[in-house]
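Asks: This is the content of my_file.cif (mmCIF, C-alpha atoms):
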```
data_query
#
loop_
_atom_site.group_PDB
_atom_site.id
_atom_site.type_symbol
_atom_site.label_atom_id
_atom_site.label_comp_id
_atom_site.auth_asym_id
_atom_site.auth_seq_id
_atom_site.Cartn_x
_atom_site.Cartn_y
_atom_site.Cartn_z
ATOM 1 C CA MET A 1 164.104 172.098 -125.204
ATOM 2 C CA ALA A 2 162.505 171.589 -121.774
ATOM 3 C CA ASP A 3 163.476 175.078 -120.557
ATOM 4 C CA GLU A 4 162.260 176.886 -123.678
ATOM 5 C CA ILE A 5 159.715 179.586 -122.834
ATOM 6 C CA LYS A 6 156.355 179.145 -124.560
ATOM 7 C CA TYR A 7 154.213 182.223 -125.154
ATOM 8 C CA GLU A 8 150.552 182.944 -125.684
ATOM 9 C CA TYR A 9 149.667 185.851 -127.957
ATOM 10 C CA LYS A 10 146.865 188.409 -128.129
ATOM 11 C CA VAL A 11 146.021 191.032 -130.763
ATOM 12 C CA VAL A 12 144.062 194.109 -129.622
ATOM 13 C CA GLN A 13 142.636 196.904 -131.776
ATOM 14 C CA THR A 14 142.165 200.234 -130.007
ATOM 15 C CA VAL A 15 140.462 203.490 -130.907
ATOM 16 C CA ARG A 16 143.027 206.205 -131.515
ATOM 17 C CA GLY A 17 143.629 208.128 -128.306
ATOM 18 C CA THR A 18 143.158 205.132 -125.974
ATOM 19 C CA ASP A 19 146.399 203.269 -126.809
ATOM 20 C CA GLY A 20 148.176 204.236 -123.602
ATOM 21 C CA LEU A 21 145.296 203.150 -121.383
ATOM 22 C CA VAL A 22 145.036 199.756 -123.068
ATOM 23 C CA ILE A 23 148.798 199.115 -122.983
ATOM 24 C CA SER A 24 148.926 199.997 -119.282
ATOM 25 C CA LYS A 25 146.030 197.675 -118.475
ATOM 26 C CA MET A 26 147.488 194.776 -120.468
ATOM 27 C CA GLN A 27 150.911 195.189 -118.846
ATOM 28 C CA LYS A 28 149.303 195.013 -115.408
ATOM 29 C CA ASP A 29 147.874 191.641 -116.464
ATOM 30 C CA GLY A 30 151.350 190.386 -117.388
ATOM 31 C CA TRP A 31 151.294 191.036 -121.157
ATOM 32 C CA GLU A 32 154.340 192.361 -123.010
ATOM 33 C CA LEU A 33 153.863 194.772 -125.937
ATOM 34 C CA VAL A 34 155.585 193.260 -128.979
ATOM 35 C CA GLU A 35 154.409 195.496 -131.820
ATOM 36 C CA GLN A 36 152.321 198.659 -132.261
ATOM 37 C CA LEU A 37 150.825 199.314 -135.724
ATOM 38 C CA PRO A 38 149.001 202.682 -136.001
ATOM 39 C CA GLY A 39 146.227 202.992 -138.613
ATOM 40 C CA ARG A 40 143.941 205.755 -139.839
ATOM 41 C CA LEU A 41 141.277 205.025 -137.228
ATOM 42 C CA ARG A 42 142.513 202.160 -135.062
ATOM 43 C CA THR A 43 145.844 201.028 -133.708
ATOM 44 C CA THR A 44 146.728 197.320 -133.689
ATOM 45 C CA LEU A 45 148.656 196.169 -130.625
ATOM 46 C CA ASN A 46 150.366 192.775 -130.478
ATOM 47 C CA PHE A 47 151.051 191.314 -127.020
ATOM 48 C CA ARG A 48 152.592 188.151 -125.627
ATOM 49 C CA ARG A 49 153.165 186.573 -122.211
ATOM 50 C CA PRO A 50 154.697 183.295 -121.003
ATOM 51 C CA LYS A 51 152.264 180.400 -120.827
ATOM 52 C CA ARG A 52 151.619 179.036 -117.386
ATOM 53 C CA PRO A 53 151.988 175.221 -117.265
ATOM 54 C CA LEU A 54 148.986 173.387 -115.825
ATOM 55 C CA PRO A 55 150.034 171.298 -112.748
ATOM 56 C CA TRP A 56 149.313 167.565 -113.025
ATOM 57 C CA ARG A 57 147.717 167.635 -109.601
ATOM 58 C CA LEU A 58 145.203 170.196 -110.845
ATOM 59 C CA ILE A 59 144.434 168.067 -113.904
ATOM 60 C CA GLY A 60 143.811 165.047 -111.661
ATOM 61 C CA ALA A 61 141.574 167.110 -109.393
ATOM 62 C CA GLY A 62 139.608 168.320 -112.414
ATOM 63 C CA ALA A 63 139.001 164.747 -113.561
ATOM 64 C CA ALA A 64 137.753 163.830 -110.102
ATOM 65 C CA VAL A 65 135.346 166.757 -110.124
ATOM 66 C CA LEU A 66 133.941 165.612 -113.478
ATOM 67 C CA VAL A 67 133.279 162.139 -112.051
ATOM 68 C CA VAL A 68 131.431 163.635 -109.067
ATOM 69 C CA LEU A 69 129.399 165.924 -111.339
ATOM 70 C CA ALA A 70 128.393 162.965 -113.504
ATOM 71 C CA ALA A 71 127.159 161.116 -110.414
ATOM 72 C CA ILE A 72 125.161 164.161 -109.284
ATOM 73 C CA ILE A 73 123.548 164.520 -112.723
ATOM 74 C CA VAL A 74 122.467 160.840 -112.750
ATOM 75 C CA THR A 75 121.005 161.200 -109.243
ATOM 76 C CA GLY A 76 119.215 164.400 -110.262
ATOM 77 C CA VAL A 77 117.590 162.700 -113.244
ATOM 78 C CA ALA A 78 116.296 159.883 -111.041
ATOM 79 C CA VAL A 79 114.822 162.308 -108.506
ATOM 80 C CA GLY A 80 113.335 164.418 -111.306
ATOM 81 C CA ASP A 81 111.449 161.415 -112.701
ATOM 82 C CA GLY A 82 109.820 160.890 -109.334
ATOM 83 C CA ARG A 83 108.567 164.472 -109.237
ATOM 84 C CA GLU A 84 107.330 164.612 -112.822
ATOM 85 C CA GLU A 85 103.768 163.578 -112.025
ATOM 86 C CA LYS A 86 103.446 166.181 -109.268
ATOM 87 C CA GLY A 87 104.766 168.858 -111.631
ATOM 88 C CA ALA A 88 102.261 167.867 -114.321
ATOM 89 C CA SER A 89 99.405 168.168 -111.827
ATOM 90 C CA ALA A 90 100.546 171.631 -110.724
ATOM 91 C CA SER A 91 100.840 172.730 -114.363
ATOM 92 C CA SER A 92 97.262 171.640 -115.062
ATOM 93 C CA THR A 93 96.044 173.798 -112.188
ATOM 94 C CA ALA A 94 98.080 176.794 -113.403
ATOM 95 C CA ILE A 95 96.588 176.538 -116.917
ATOM 96 C CA GLY A 96 93.142 177.211 -115.505
ATOM 97 C CA GLU A 97 94.255 180.477 -113.888
ATOM 98 C CA LYS A 98 93.731 183.811 -115.642
ATOM 99 C CA PRO A 99 96.862 185.725 -116.710
ATOM 100 C CA SER A 100 97.808 188.832 -114.760
ATOM 101 C CA ALA A 101 96.308 192.058 -116.090
ATOM 102 C CA THR A 102 99.480 193.994 -115.208
ATOM 103 C CA PRO A 103 101.595 194.631 -118.366
ATOM 104 C CA LEU A 104 105.323 193.932 -118.364
ATOM 105 C CA ALA A 105 107.675 196.871 -117.934
ATOM 106 C CA ASP A 106 108.963 198.157 -121.258
ATOM 107 C CA GLY A 107 112.680 198.468 -120.545
ATOM 108 C CA PRO A 108 114.187 201.982 -120.497
ATOM 109 C CA THR A 109 110.815 203.738 -120.950
ATOM 110 C CA ALA A 110 109.435 202.228 -117.751
ATOM 111 C CA ALA A 111 112.685 202.675 -115.825
ATOM 112 C CA GLY A 112 113.261 206.271 -116.982
ATOM 113 C CA VAL A 113 116.456 207.936 -118.194
ATOM 114 C CA ILE A 114 119.509 207.544 -115.963
ATOM 115 C CA THR A 115 121.314 210.806 -115.207
ATOM 116 C CA ALA A 116 123.927 212.013 -112.742
ATOM 117 C CA GLN A 117 121.106 213.776 -110.885
ATOM 118 C CA ASN A 118 118.967 210.687 -110.236
ATOM 119 C CA ASN A 119 121.609 207.937 -110.024
ATOM 120 C CA ARG A 120 124.595 208.127 -107.676
ATOM 121 C CA GLU A 121 126.306 205.210 -109.407
ATOM 122 C CA PHE A 122 126.256 207.028 -112.745
ATOM 123 C CA ALA A 123 127.357 210.318 -111.148
ATOM 124 C CA ALA A 124 130.427 208.567 -109.718
ATOM 125 C CA LEU A 125 131.104 206.804 -113.028
ATOM 126 C CA LEU A 126 131.397 210.126 -114.890
ATOM 127 C CA LYS A 127 134.376 211.035 -112.683
ATOM 128 C CA ALA A 128 136.005 207.584 -112.439
ATOM 129 C CA ASP A 129 139.013 206.040 -114.182
ATOM 130 C CA PRO A 130 138.071 205.104 -117.785
ATOM 131 C CA CYS A 131 139.295 201.529 -117.196
ATOM 132 C CA SER A 132 137.679 201.144 -113.785
ATOM 133 C CA GLU A 133 135.696 198.002 -112.922
ATOM 134 C CA ALA A 134 132.813 200.376 -112.197
ATOM 135 C CA ASN A 135 132.334 200.641 -115.973
ATOM 136 C CA VAL A 136 131.887 196.871 -116.286
ATOM 137 C CA ASP A 137 129.441 196.731 -113.386
ATOM 138 C CA PHE A 138 127.350 199.624 -114.677
ATOM 139 C CA ALA A 139 127.239 198.324 -118.279
ATOM 140 C CA SER A 140 126.184 194.841 -117.134
ATOM 141 C CA LYS A 141 123.551 196.165 -114.752
ATOM 142 C CA HIS A 142 122.025 198.731 -117.126
ATOM 143 C CA GLU A 143 122.457 197.110 -120.559
ATOM 144 C CA GLY A 144 119.707 198.346 -122.899
ATOM 145 C CA GLN A 145 118.726 201.232 -120.642
ATOM 146 C CA THR A 146 119.008 204.909 -121.509
ATOM 147 C CA ILE A 147 121.490 207.382 -120.010
ATOM 148 C CA ALA A 148 121.877 211.147 -120.470
ATOM 149 C CA PHE A 149 124.902 213.337 -119.746
ATOM 150 C CA ASP A 150 126.524 216.638 -120.714
ATOM 151 C CA GLY A 151 129.629 215.919 -122.749
ATOM 152 C CA ALA A 152 131.797 216.759 -125.733
ATOM 153 C CA ILE A 153 133.267 215.034 -128.789
ATOM 154 C CA ARG A 154 136.803 213.870 -127.987
ATOM 155 C CA HIS A 155 137.622 212.339 -131.358
ATOM 156 C CA MET A 156 135.866 211.432 -134.601
ATOM 157 C CA ALA A 157 137.033 209.557 -137.690
ATOM 158 C CA SER A 158 135.572 207.945 -140.789
ATOM 159 C CA TYR A 159 134.363 204.388 -140.326
ATOM 160 C CA GLY A 160 136.632 202.391 -142.607
ATOM 161 C CA ASP A 161 136.552 203.864 -146.118
ATOM 162 C CA ASP A 162 133.024 205.268 -145.746
ATOM 163 C CA GLN A 163 133.098 209.073 -145.846
ATOM 164 C CA THR A 164 129.529 209.429 -144.511
ATOM 165 C CA ARG A 165 129.768 207.179 -141.441
ATOM 166 C CA TYR A 166 131.919 207.755 -138.383
ATOM 167 C CA ASP A 167 133.210 206.491 -135.066
ATOM 168 C CA PHE A 168 132.764 209.069 -132.311
ATOM 169 C CA LEU A 169 134.684 209.082 -129.023
ATOM 170 C CA LEU A 170 132.810 211.102 -126.393
ATOM 171 C CA GLY A 171 133.705 212.300 -122.928
ATOM 172 C CA PRO A 172 131.744 213.833 -120.049
ATOM 173 C CA GLY A 173 132.120 217.573 -119.451
ATOM 174 C CA ASP A 174 133.234 220.315 -121.829
ATOM 175 C CA LYS A 175 136.942 219.577 -122.402
ATOM 176 C CA GLY A 176 136.642 217.560 -125.617
ATOM 177 C CA PRO A 177 140.070 216.097 -126.598
ATOM 178 C CA GLN A 178 141.527 217.158 -123.215
ATOM 179 C CA THR A 179 139.036 215.023 -121.247
ATOM 180 C CA THR A 180 140.819 212.786 -118.740
ATOM 181 C CA ASP A 181 138.120 211.672 -116.285
ATOM 182 C CA GLY A 182 135.155 209.416 -116.893
ATOM 183 C CA PRO A 183 134.436 206.681 -119.457
ATOM 184 C CA ASN A 184 135.557 206.651 -123.082
ATOM 185 C CA PHE A 185 132.021 206.669 -124.499
ATOM 186 C CA LYS A 186 131.866 205.518 -128.131
ATOM 187 C CA TYR A 187 129.365 205.654 -130.998
ATOM 188 C CA GLU A 188 130.452 203.178 -133.661
ATOM 189 C CA ASP A 189 129.545 203.228 -137.381
ATOM 190 C CA VAL A 190 126.960 206.039 -137.326
ATOM 191 C CA ASN A 191 126.176 208.907 -139.689
ATOM 192 C CA ILE A 192 125.244 212.460 -138.709
ATOM 193 C CA GLY A 193 121.537 211.671 -139.079
ATOM 194 C CA ASP A 194 121.877 208.835 -136.535
ATOM 195 C CA LEU A 195 122.840 211.424 -133.894
ATOM 196 C CA HIS A 196 119.284 212.907 -134.038
ATOM 197 C CA LEU A 197 120.527 216.450 -133.477
ATOM 198 C CA THR A 198 118.186 218.735 -131.534
ATOM 199 C CA GLY A 199 118.241 222.091 -129.748
ATOM 200 C CA GLN A 200 117.228 225.708 -130.302
ATOM 201 C CA GLN A 201 119.919 225.997 -132.971
ATOM 202 C CA VAL A 202 120.472 222.609 -134.632
ATOM 203 C CA PRO A 203 124.018 222.484 -136.065
ATOM 204 C CA ALA A 204 124.488 221.565 -139.714
ATOM 205 C CA SER A 205 127.617 219.547 -138.848
ATOM 206 C CA VAL A 206 129.611 218.382 -135.841
ATOM 207 C CA ALA A 207 133.302 218.538 -134.981
ATOM 208 C CA VAL A 208 135.794 217.571 -132.298
ATOM 209 C CA GLY A 209 135.303 219.743 -129.217
ATOM 210 C CA ASP A 210 131.578 220.408 -129.802
ATOM 211 C CA THR A 211 129.485 220.144 -126.633
ATOM 212 C CA PHE A 212 126.131 218.354 -126.434
ATOM 213 C CA ARG A 213 123.570 216.788 -124.139
ATOM 214 C CA PHE A 214 123.945 213.141 -125.139
ATOM 215 C CA VAL A 215 121.062 210.698 -124.664
ATOM 216 C CA ALA A 216 122.022 207.118 -125.535
ATOM 217 C CA LYS A 217 121.356 203.451 -124.857
ATOM 218 C CA VAL A 218 123.929 201.305 -123.049
ATOM 219 C CA ILE A 219 125.382 198.496 -125.211
ATOM 220 C CA GLU A 220 128.494 197.143 -123.474
ATOM 221 C CA PHE A 221 131.875 197.949 -121.956
ATOM 222 C CA ASN A 222 134.937 196.613 -123.772
ATOM 223 C CA THR A 223 137.424 195.776 -121.008
ATOM 224 C CA VAL A 224 140.368 195.369 -123.394
ATOM 225 C CA GLN A 225 139.975 198.722 -125.162
ATOM 226 C CA CYS A 226 138.496 200.519 -122.109
ATOM 227 C CA VAL A 227 135.663 201.738 -124.353
ATOM 228 C CA PHE A 228 132.041 202.144 -123.245
ATOM 229 C CA ARG A 229 129.844 201.502 -126.307
ATOM 230 C CA LEU A 230 126.571 203.413 -126.669
ATOM 231 C CA ALA A 231 123.835 203.806 -129.298
ATOM 232 C CA PRO A 232 122.673 207.406 -129.903
ATOM 233 C CA VAL A 233 119.078 208.377 -129.084
ATOM 234 C CA SER A 234 119.294 212.181 -129.277
ATOM 235 C CA THR A 235 122.034 214.828 -129.300
ATOM 236 C CA GLU A 236 121.088 218.310 -128.061
ATOM 237 C CA ALA A 237 123.493 221.139 -128.873
ATOM 238 C CA ARG A 238 124.915 223.116 -125.931
ATOM 239 C CA TYR A 239 126.534 226.512 -126.426
#
```
With the file now loaded, output its structure as structure tokens.

Replies:
Amino acid sequence: MADEIKYEYKVVQTVRGTDGLVISKMQKDGWELVEQLPGRLRTTLNFRRPKRPLPWRLIGAGAAVLVVLAAIIVTGVAVGDGREEKGASASSTAIGEKPSATPLADGPTAAGVITAQNNREFAALLKADPCSEANVDFASKHEGQTIAFDGAIRHMASYGDDQTRYDFLLGPGDKGPQTTDGPNFKYEDVNIGDLHLTGQQVPASVAVGDTFRFVAKVIEFNTVQCVFRLAPVSTEARY
């Protein structure tokens, strides 16, 4: 039927404890929650929303743009051929030059560790909404760099059926499961040894609510789950 509504579907897996945040974000984007399937570690959420028909005028405009782009590419190739000889001459000159003696910066080590004390952006992030765009911006800008913050374990669960590896959900501050502000930091598929526990009194085990000084590398921010993924570097016990 011409008036029949056609839907697009999306399946999202969330870490337990972040379901409400993800559902709220998806609903703001026009998605309707169809089914919620809780699991031991993750919850599966099924969403749908009406498909938006593509106007024929837009399709025609897109085709016209492709034609123009093709013409530009052909023109660019012709111009490039004319400059090839000049480029080859410049390359020959560059080969004779000696390489710079200055070594390249070695990522996080050269840049230092980012903390709330030396980076205003990170200080604000630790108090921001866990689904804020600030998380995306910070993760993109500082991917691979090292951050350090005082925080606590909000949630931990076995990774799949493995009883020696875990997913950890961390939060800034000392409130543990009651943390409401700041990112949902996550360590995924790690064992206790991967935490590299340190401190004057190194704990033999860890539990929800324990407080630490977390030092970790930035991996990415998952905008669907509102989870900020990190890789542990060191974990210093705080009492």

Asks: Applied to this file, what does the PyMOL selection byres ((chain A and resi 170-180) around 9) return in terms of residues, put as an MDAnalysis selection string?

Replies: chainID A and resid 17 126:127 129:130 149:156 168:169 181:187 208:212

Asks: When you draw a straight line from CA of Arg52 in chain A to CA of Val227 in chain A, how long is it in Å?

Replies: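 Computing it gives 28.6 Å between the two atoms.
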
Asks: Work out how far apart CA of Arg213 in chain A and CA of Gln225 in chain A are and give it in Å to one decimal.

Replies: 24.4 Å

Asks: Hey, can you pull every residue with an atom no more than 7 Å from (153.3, 186.2, -125.2), using all atoms listed in the file, and send it as a PyMOL selection string?

Replies: chain A and resi 7-9+31-32+47-50

Asks: Name the residues in contact with Gln13 in chain A at a cut-off of 8 Å, using only C-alpha atoms, excluding same-chain residues fewer than 3 positions from it; report them as a ChimeraX atom specification.

Replies: /A:42-45,225

Asks: What gap, in Å, lies between CA of Leu195 in chain A and CA of Thr164 in chain A?

Replies: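 According to the coordinates, CA of Leu195 in chain A and CA of Thr164 in chain A are separated by 12.7 Å.
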
Asks: Which residue is closest to Gly160 in chain A? Choose from A:Val190, A:Ala124, A:Val113, A:Leu197 and count all atoms listed in the file.

Replies: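 Of all the options, A:Val190 lies closest to Gly160 in chain A.
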
Asks: Any chance you could resolve the PyMOL selection byres ((chain A and resi 230-232) around 7) against this file and give the residues as a list of chain:residue names?

Replies: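 Evaluating the PyMOL selection byres ((chain A and resi 230-232) around 7) on these coordinates yields A:Phe185, A:Lys186, A:Tyr187, A:Asp194, A:Leu195, A:Val215, A:Ala216, A:Lys217, A:Val218, A:Ile219, A:Phe228, A:Arg229, A:Val233, A:Ser234.
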
Asks: Report as a list in words all protein, DNA and RNA residues lying within 12 Å of Glu133 in chain A, evaluated on all atoms listed in the file, omitting residues in the same chain fewer than 4 positions from it.

Replies: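 Counting all atoms listed in the file, the residues come to Lys25, Leu125, Ala128, Asp129, Asp137, Phe138, Ala139, Ser140, Pro183, Phe221, Asn222, Thr223, Val224, Cys226 and Phe228 of chain A.
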